Amino acid sequence: MEQSKIRNFCIVAHIDHGKSTLADRIIEHTGLLTSREMQDQVLDNMDLERERGITIKAQTVRTVYRAKDGEEYIFNLIDTPGHVDFNYEVSRSLAACDGAILVVDAAQGIEAQTLANVYLALDHDLEVFPVINKIDLPSAQPQRVIDEIEDVIGLEAQDAPQISAKNGIGIEEVLEQVVHRLPPPSGDLSAPLQALIFDSLYDPYKGVIIFCRVMEGTVKKGTVIRLMATGAREEVVEVGYFGAGQFIPCEELSAGMVGYITASIKNVKDTAVGDTVTDAERPCEKPLPGYKKVLPMVYCGLYPADGAKYPDLRDALEKLQLNDASLHYEPETSVALGFGYRCGFLGLLHLEIIQERLEREYNLDLVTTAPGVVYKVHRTNGAVIELTNPSNLPSPTEIEYMEEPIVSAEIMVTTEFIGAIMELCQERRGRYLGMEYIEGSRALLKYELPLNEIIYDFFDALKSRSRGYASFDYDIKGYEQSELVKLDILINREEVDALSFIVHGGSAYERGRKMCEKLKDEIPRHLFEIPIQAAVGGKIIARETVKAMRKDVLAKCYGGDITRKKKLLEKQKEGKKRMRQIGNVEIPQKAFMSVLKLDDRK
Amino acid sequence: MKPIELYFHIPFCVRKCLYCDFLSFPGERRTIEAYMRALCTELEERADEYRESLVSSVFIGGGTPSVAEPGLVEELLKRVHTLFCVEDGAEITLEMNPGTADGESMKRYRRAGINRLSMGLQSAWDRELKRLGRIHTFGEFLECYAAAFSAGFDNISLDLMFGLPGQTQEDWRGTLKRVLALRPLPAHISAYSLIVEEGTPFYALQEQGKLSLPEEDCERQMYADTEKILGSAGFFRYEISNYAREGYECRHNCGYWQRRDYIGFGIGAASLFQNTRFRNGSDLQEYLRSPGALREAEEVLDKRAQMEEFMFLGLRMMRGVSGRVFRETFGEGLEAVYGDILSRNERDGLLYRREEPGDVFWALTVRGIDVSNYVMSQFLFG
């Protein structure tokens, strides 16, 4: 295939601006699929992705477009994950492309992720052209958005296609612009092999399937390849490209092409995203730039609700990890919760997705402890530990100082809510860096925020305090020294390890108080009174009491309807089963997530 | 012959009370007549299955059975006597709303064979009756009560309710005192704590925060007052919510708690026969079309389910569950099966053990009654 007839591109957008819908339409209009084969959102093939309307794993599809000039073009559309948790994957997907379509909602205009994504694309030297989507909405203001794109991003936008991906309006124009405005790939077919891994997938029959973009050279069946970062070395079994929802084998992949390689690799960990594939016999001089090891940012404990299901949880995590190298886990035990795993995630969304998949696909009932970030604890003896579980915090006398991760955040908001959002950032220990006005009615706020202040409910708080108008994006900046303490929760005077969390000294009192209030509502009344206390370093800073159960009696036995009475008792007994016994107090499982919902301001 | 109890459900009432979630609704005269005929048909069709049994009690409940013409009730009881063996002196109860019966109909009920009346008085204060959506006043009740006695009823039970919206402890004591001032005294009193059931107007009010119920402590105080006040007048508590003068415990209800066989007729009526529980469907039109064919939801109780019921039903009675009966029924010792749970609850002060010659009883303590659902749920397996 001639390189001039290939276009490798992706679509970038703020969440909900219609990226996946446009992808569907492109696939439909390039005619590779009949309408009947067309499911909604062809690219998102995990159930969960479809339900939540977001893309989790990067996916890619090859289609054939017959352009108005009568020529056939190969389009490799590389779908990118749409969430800040997966920024690194996004950046690798972009690196596999030569161009990008920027989708902007005709009613919403530019949002925080629009900016973040478009800058990311420009950083990768991609050609970008804008598309105005949802022009059929009553509130659409295409011309305003066009001006905004030109003013804020500096992209020429006057002839941007104005489309409705949902209703299939203007798609042809988008396809023509892909041909004419995005560049073809380049690269030397006879040079040593150099291919970028942008994703991988575990298949029980083929082993790991590597998704790659060939930059230089050629790869085919029998080539012995080496993965430059991990060192893995295998003989290629098959190469091919991506049909919609299927793998189509082909002779070879050469410079400029996007496709897959299988080589009986057993572990996705060997095929790290961002790594370079080369020919083991005739290696390229150096790997492609930009590879980095992805580290989990958020940790929490996952425990089976039913202790006997521990092996099932282990099996499920193993299976999930086959397809998700960024998921980390190691066994841990908790006094309160028994045997479980401390798991590391890229972010809170990643955590929620894994948790949901475990519960749904593997039918596990889980107890999740409060998520926390990775702290660096500098001990008095000079050692530095990376703390992922608050219970492992050394005693205060052994700690020289602690550090916590900081992000730089950009928040886009309409001007009327600037005050409310600044107040929120202030409460979350944000450091104000600056503000830029965007065409009068909106502003881009720049803050540095501790990661542990945004992993819980920051996004929800942001939305509720801006009536849904604020959008948000962030990047990990680094570690900073901080005055941190461990907040312990005592229930009926017993410390519950699974409820401890690390908090900034200044907010300890406030968080402790709210935590006690929350737990008071979550813990059912017992035969006796239960004190709930929050403590820092052994000193009680807040207290609530669950009063003793006074009355739990059914006055009338519904005549002869004994079945109804029994159902009532069964429900009561069933409720108890879903609780955890701590000392002689029974705690409902959702209480362990209480810390996630402490922002009660509307 | 094994004893059996019969229950007839009459789902009609003049107007539904605001707290009521029983299967009941207003009915036209014609519908009521058709329904009473359907009851007779169902009885005829099914009587054969129970011909080996001896009827120890009949209970006509609702709804408000007294909305049916006494003649129709008479007809029904005639069928019972033709189709079943009825024990001499069997308890035959009719539930009655004080607003629905006069002296003449009292006499006819009596002649029809009713020997026990259960009257829904609920409160002795008109303002409370009104708030509950009752159709009668206390004055009307007094007339009805007097008429019942002159018609020859000497076994009368009154239903009362406490923990009502806006009710004070003093209000409740007042109701009890007014009831104890009745002459002659009733034989039996049921005093229920109000339960706000889903789907009732009270529930909707509660959801809106417009139902000001007494505080829990106050409500429990009312419960304690009930035993004290009724006790001093010769009524003893024999079940969580039931009080009787010596010898007047409701035999029919005791049957439910002791797991005696009973057969329910009419829509929604539940039955227990030879350790199988079943019930009739609740669709009135369907029932009128084919009265015998509505039986649904059979559940065969295995030994464990029987034990569970034995415990949570038996514990409702103040004398408690009998170790001897448990062993006779199941061939295992009560303390062998439930020892851990019994001693845990004894330690928590919720159950107590009482020895009698040749038997051991386990019963709820006063504190145990307050949290009896918690206690009972522990006796469920699994």
# chains A, B, ... in the order shown; residues from 1 in each chain; ligands from 1
>>> residues_around(residues="Glu355 in chain B", least_positions_apart="2", cutoff="12 Å", atoms="only C-alpha atoms", output="PDB file with all heavy atoms, in the first residue's frame")
ATOM      1  N   ARG B 319     -45.799 -17.094  77.496  1.00  0.00           N
ATOM      2  CA  ARG B 319     -45.349 -18.305  78.183  1.00  0.00           C
ATOM      3  C   ARG B 319     -44.116 -18.884  77.495  1.00  0.00           C
ATOM      4  O   ARG B 319     -43.393 -19.681  78.073  1.00  0.00           O
ATOM      5  CB  ARG B 319     -46.464 -19.350  78.231  1.00  0.00           C
ATOM      6  CG  ARG B 319     -46.858 -19.898  76.855  1.00  0.00           C
ATOM      7  CD  ARG B 319     -48.196 -20.598  76.918  1.00  0.00           C
ATOM      8  NE  ARG B 319     -48.048 -21.895  77.549  1.00  0.00           N
ATOM      9  CZ  ARG B 319     -48.017 -23.044  76.874  1.00  0.00           C
ATOM     10  NH1 ARG B 319     -48.106 -23.042  75.557  1.00  0.00           N
ATOM     11  NH2 ARG B 319     -47.913 -24.186  77.500  1.00  0.00           N
ATOM     12  N   GLY B 320     -43.892 -18.469  76.229  1.00  0.00           N
ATOM     13  CA  GLY B 320     -42.702 -18.894  75.525  1.00  0.00           C
ATOM     14  C   GLY B 320     -42.886 -20.189  74.775  1.00  0.00           C
ATOM     15  O   GLY B 320     -44.010 -20.673  74.596  1.00  0.00           O
ATOM     16  N   VAL B 321     -41.741 -20.735  74.322  1.00  0.00           N
ATOM     17  CA  VAL B 321     -41.787 -21.993  73.584  1.00  0.00           C
ATOM     18  C   VAL B 321     -41.454 -23.128  74.547  1.00  0.00           C
ATOM     19  O   VAL B 321     -40.597 -22.989  75.428  1.00  0.00           O
ATOM     20  CB  VAL B 321     -40.809 -22.001  72.393  1.00  0.00           C
ATOM     21  CG1 VAL B 321     -41.261 -21.032  71.318  1.00  0.00           C
ATOM     22  CG2 VAL B 321     -39.400 -21.676  72.844  1.00  0.00           C
ATOM     23  N   SER B 322     -42.108 -24.242  74.338  1.00  0.00           N
ATOM     24  CA  SER B 322     -41.946 -25.364  75.248  1.00  0.00           C
ATOM     25  C   SER B 322     -40.910 -26.350  74.712  1.00  0.00           C
ATOM     26  O   SER B 322     -40.984 -26.792  73.558  1.00  0.00           O
ATOM     27  CB  SER B 322     -43.304 -26.059  75.425  1.00  0.00           C
ATOM     28  OG  SER B 322     -43.126 -27.447  75.622  1.00  0.00           O
ATOM     29  N   GLY B 323     -39.941 -26.681  75.545  1.00  0.00           N
ATOM     30  CA  GLY B 323     -38.929 -27.656  75.166  1.00  0.00           C
ATOM     31  C   GLY B 323     -39.538 -29.034  74.917  1.00  0.00           C
ATOM     32  O   GLY B 323     -39.109 -29.754  74.016  1.00  0.00           O
ATOM     33  N   ARG B 324     -40.536 -29.355  75.706  1.00  0.00           N
ATOM     34  CA  ARG B 324     -41.154 -30.671  75.563  1.00  0.00           C
ATOM     35  C   ARG B 324     -41.862 -30.788  74.196  1.00  0.00           C
ATOM     36  O   ARG B 324     -41.669 -31.747  73.460  1.00  0.00           O
ATOM     37  CB  ARG B 324     -42.164 -30.893  76.706  1.00  0.00           C
ATOM     38  CG  ARG B 324     -42.790 -32.270  76.758  1.00  0.00           C
ATOM     39  CD  ARG B 324     -43.735 -32.423  77.954  1.00  0.00           C
ATOM     40  NE  ARG B 324     -44.763 -31.366  77.987  1.00  0.00           N
ATOM     41  CZ  ARG B 324     -45.869 -31.387  77.214  1.00  0.00           C
ATOM     42  NH1 ARG B 324     -46.085 -32.384  76.389  1.00  0.00           N
ATOM     43  NH2 ARG B 324     -46.737 -30.397  77.297  1.00  0.00           N
ATOM     44  N   TYR B 352     -35.476 -15.544  78.735  1.00  0.00           N
ATOM     45  CA  TYR B 352     -35.216 -16.205  80.011  1.00  0.00           C
ATOM     46  C   TYR B 352     -35.744 -17.633  79.961  1.00  0.00           C
ATOM     47  O   TYR B 352     -36.621 -17.971  79.170  1.00  0.00           O
ATOM     48  CB  TYR B 352     -35.809 -15.415  81.180  1.00  0.00           C
ATOM     49  CG  TYR B 352     -37.311 -15.464  81.281  1.00  0.00           C
ATOM     50  CD1 TYR B 352     -37.935 -16.348  82.176  1.00  0.00           C
ATOM     51  CD2 TYR B 352     -38.112 -14.643  80.491  1.00  0.00           C
ATOM     52  CE1 TYR B 352     -39.325 -16.399  82.259  1.00  0.00           C
ATOM     53  CE2 TYR B 352     -39.491 -14.681  80.578  1.00  0.00           C
ATOM     54  CZ  TYR B 352     -40.092 -15.561  81.458  1.00  0.00           C
ATOM     55  OH  TYR B 352     -41.447 -15.614  81.539  1.00  0.00           O
ATOM     56  N   ARG B 353     -35.148 -18.466  80.820  1.00  0.00           N
ATOM     57  CA  ARG B 353     -35.463 -19.890  80.849  1.00  0.00           C
ATOM     58  C   ARG B 353     -36.296 -20.148  82.095  1.00  0.00           C
ATOM     59  O   ARG B 353     -35.986 -19.641  83.181  1.00  0.00           O
ATOM     60  CB  ARG B 353     -34.137 -20.657  80.937  1.00  0.00           C
ATOM     61  CG  ARG B 353     -34.218 -22.124  80.781  1.00  0.00           C
ATOM     62  CD  ARG B 353     -32.776 -22.662  80.789  1.00  0.00           C
ATOM     63  NE  ARG B 353     -32.746 -24.083  80.473  1.00  0.00           N
ATOM     64  CZ  ARG B 353     -32.916 -25.057  81.348  1.00  0.00           C
ATOM     65  NH1 ARG B 353     -33.131 -24.761  82.623  1.00  0.00           N
ATOM     66  NH2 ARG B 353     -32.870 -26.320  80.972  1.00  0.00           N
ATOM     67  N   PRO B 357     -42.641 -28.412  85.931  1.00  0.00           N
ATOM     68  CA  PRO B 357     -42.525 -29.870  86.075  1.00  0.00           C
ATOM     69  C   PRO B 357     -42.601 -30.563  84.711  1.00  0.00           C
ATOM     70  O   PRO B 357     -43.555 -30.357  83.963  1.00  0.00           O
ATOM     71  CB  PRO B 357     -43.756 -30.233  86.936  1.00  0.00           C
ATOM     72  CG  PRO B 357     -44.101 -28.981  87.658  1.00  0.00           C
ATOM     73  CD  PRO B 357     -43.673 -27.837  86.794  1.00  0.00           C
ATOM     74  N   GLY B 358     -41.543 -31.271  84.359  1.00  0.00           N
ATOM     75  CA  GLY B 358     -41.532 -32.035  83.106  1.00  0.00           C
ATOM     76  C   GLY B 358     -41.328 -31.193  81.853  1.00  0.00           C
ATOM     77  O   GLY B 358     -41.443 -31.708  80.749  1.00  0.00           O
ATOM     78  N   ASP B 359     -41.031 -29.903  82.018  1.00  0.00           N
ATOM     79  CA  ASP B 359     -40.866 -29.079  80.806  1.00  0.00           C
ATOM     80  C   ASP B 359     -39.959 -27.883  81.101  1.00  0.00           C
ATOM     81  O   ASP B 359     -39.780 -27.493  82.261  1.00  0.00           O
ATOM     82  CB  ASP B 359     -42.240 -28.592  80.329  1.00  0.00           C
ATOM     83  CG  ASP B 359     -42.242 -28.247  78.848  1.00  0.00           C
ATOM     84  OD1 ASP B 359     -41.150 -28.237  78.235  1.00  0.00           O
ATOM     85  OD2 ASP B 359     -43.331 -27.985  78.313  1.00  0.00           O
ATOM     86  N   VAL B 360     -39.383 -27.351  80.041  1.00  0.00           N
ATOM     87  CA  VAL B 360     -38.587 -26.129  80.147  1.00  0.00           C
ATOM     88  C   VAL B 360     -39.101 -25.151  79.102  1.00  0.00           C
ATOM     89  O   VAL B 360     -39.277 -25.521  77.936  1.00  0.00           O
ATOM     90  CB  VAL B 360     -37.092 -26.424  79.879  1.00  0.00           C
ATOM     91  CG1 VAL B 360     -36.316 -25.115  79.775  1.00  0.00           C
ATOM     92  CG2 VAL B 360     -36.512 -27.282  80.982  1.00  0.00           C
ATOM     93  N   PHE B 361     -39.369 -23.921  79.518  1.00  0.00           N
ATOM     94  CA  PHE B 361     -39.847 -22.909  78.573  1.00  0.00           C
ATOM     95  C   PHE B 361     -38.777 -21.844  78.360  1.00  0.00           C
ATOM     96  O   PHE B 361     -38.038 -21.500  79.274  1.00  0.00           O
ATOM     97  CB  PHE B 361     -41.117 -22.230  79.112  1.00  0.00           C
ATOM     98  CG  PHE B 361     -42.335 -23.100  79.028  1.00  0.00           C
ATOM     99  CD1 PHE B 361     -42.616 -24.031  80.027  1.00  0.00           C
ATOM    100  CD2 PHE B 361     -43.186 -22.999  77.935  1.00  0.00           C
ATOM    101  CE1 PHE B 361     -43.737 -24.842  79.941  1.00  0.00           C
ATOM    102  CE2 PHE B 361     -44.320 -23.804  77.846  1.00  0.00           C
ATOM    103  CZ  PHE B 361     -44.592 -24.735  78.846  1.00  0.00           C
ATOM    104  N   TRP B 362     -38.730 -21.332  77.129  1.00  0.00           N
ATOM    105  CA  TRP B 362     -37.907 -20.152  76.830  1.00  0.00           C
ATOM    106  C   TRP B 362     -38.849 -19.042  76.397  1.00  0.00           C
ATOM    107  O   TRP B 362     -39.672 -19.244  75.493  1.00  0.00           O
ATOM    108  CB  TRP B 362     -36.901 -20.455  75.729  1.00  0.00           C
ATOM    109  CG  TRP B 362     -35.747 -21.273  76.201  1.00  0.00           C
ATOM    110  CD1 TRP B 362     -35.657 -22.633  76.239  1.00  0.00           C
ATOM    111  CD2 TRP B 362     -34.505 -20.772  76.719  1.00  0.00           C
ATOM    112  NE1 TRP B 362     -34.444 -23.017  76.742  1.00  0.00           N
ATOM    113  CE2 TRP B 362     -33.705 -21.899  77.042  1.00  0.00           C
ATOM    114  CE3 TRP B 362     -33.989 -19.482  76.943  1.00  0.00           C
ATOM    115  CZ2 TRP B 362     -32.426 -21.764  77.582  1.00  0.00           C
ATOM    116  CZ3 TRP B 362     -32.710 -19.361  77.459  1.00  0.00           C
ATOM    117  CH2 TRP B 362     -31.945 -20.497  77.776  1.00  0.00           C
ATOM    118  N   ALA B 363     -38.704 -17.880  77.004  1.00  0.00           N
ATOM    119  CA  ALA B 363     -39.645 -16.800  76.692  1.00  0.00           C
ATOM    120  C   ALA B 363     -38.921 -15.459  76.633  1.00  0.00           C
ATOM    121  O   ALA B 363     -37.812 -15.295  77.151  1.00  0.00           O
ATOM    122  CB  ALA B 363     -40.735 -16.756  77.756  1.00  0.00           C
TER     123      ALA B 363
END
>>> interface_residues(of="chain B", to="chain A", cutoff="9 Å", atoms="only C-alpha atoms", output="PyMOL selection string")
chain B and resi 7+22+191-195+216-217+220+240-241+253+256+262+264+269-272+277+279+308-309+312-313+348+367+369-374+376-378+380+382
>>> atom_distance(atom1="CA of Cys218 in chain B", atom2="CA of Gln122 in chain B")
18.4 Å
>>> residues_around(residues="Leu39 in chain B", least_positions_apart="6", cutoff="12 Å", atoms="only C-alpha atoms", output="PyMOL selection string")
chain B and resi 7-11+32-33+45-47+60+72-73+75-77+79-80+264-267+269+280+284+287-294
>>> select_by_dssp(residues="range 207-381 of chain B", states="strand (DSSP E or B)", output="ChimeraX atom specification")
/B:236-239,242-244,261-265,270-273,276-280,295-300,317,321-322,351-356,359-364
>>> residues_around(residues="Gly133 in chain B", least_positions_apart="4", cutoff="7 Å", atoms="only C-alpha atoms", output="compact mmCIF listing (two decimals) with all heavy atoms, in the first residue's frame")
# COMPACT_ATOMS: atom_id res chain seq x y z
N CYS B 17 -59.32 2.85 56.36
CA CYS B 17 -58.67 3.72 57.34
C CYS B 17 -57.28 4.11 56.85
O CYS B 17 -56.69 3.44 56.02
CB CYS B 17 -58.56 3.02 58.69
SG CYS B 17 -60.16 2.52 59.31
N LEU B 18 -56.77 5.21 57.39
CA LEU B 18 -55.57 5.82 56.83
C LEU B 18 -54.29 5.02 57.09
O LEU B 18 -53.27 5.26 56.47
CB LEU B 18 -55.39 7.24 57.39
CG LEU B 18 -56.58 8.18 57.08
CD1 LEU B 18 -56.42 9.50 57.79
CD2 LEU B 18 -56.71 8.39 55.58
N LEU B 129 -59.91 9.07 66.73
CA LEU B 129 -60.65 8.23 65.77
C LEU B 129 -60.72 8.93 64.42
O LEU B 129 -60.54 8.33 63.37
CB LEU B 129 -62.06 7.96 66.30
CG LEU B 129 -62.11 7.03 67.52
CD1 LEU B 129 -63.51 7.00 68.12
CD2 LEU B 129 -61.66 5.62 67.14
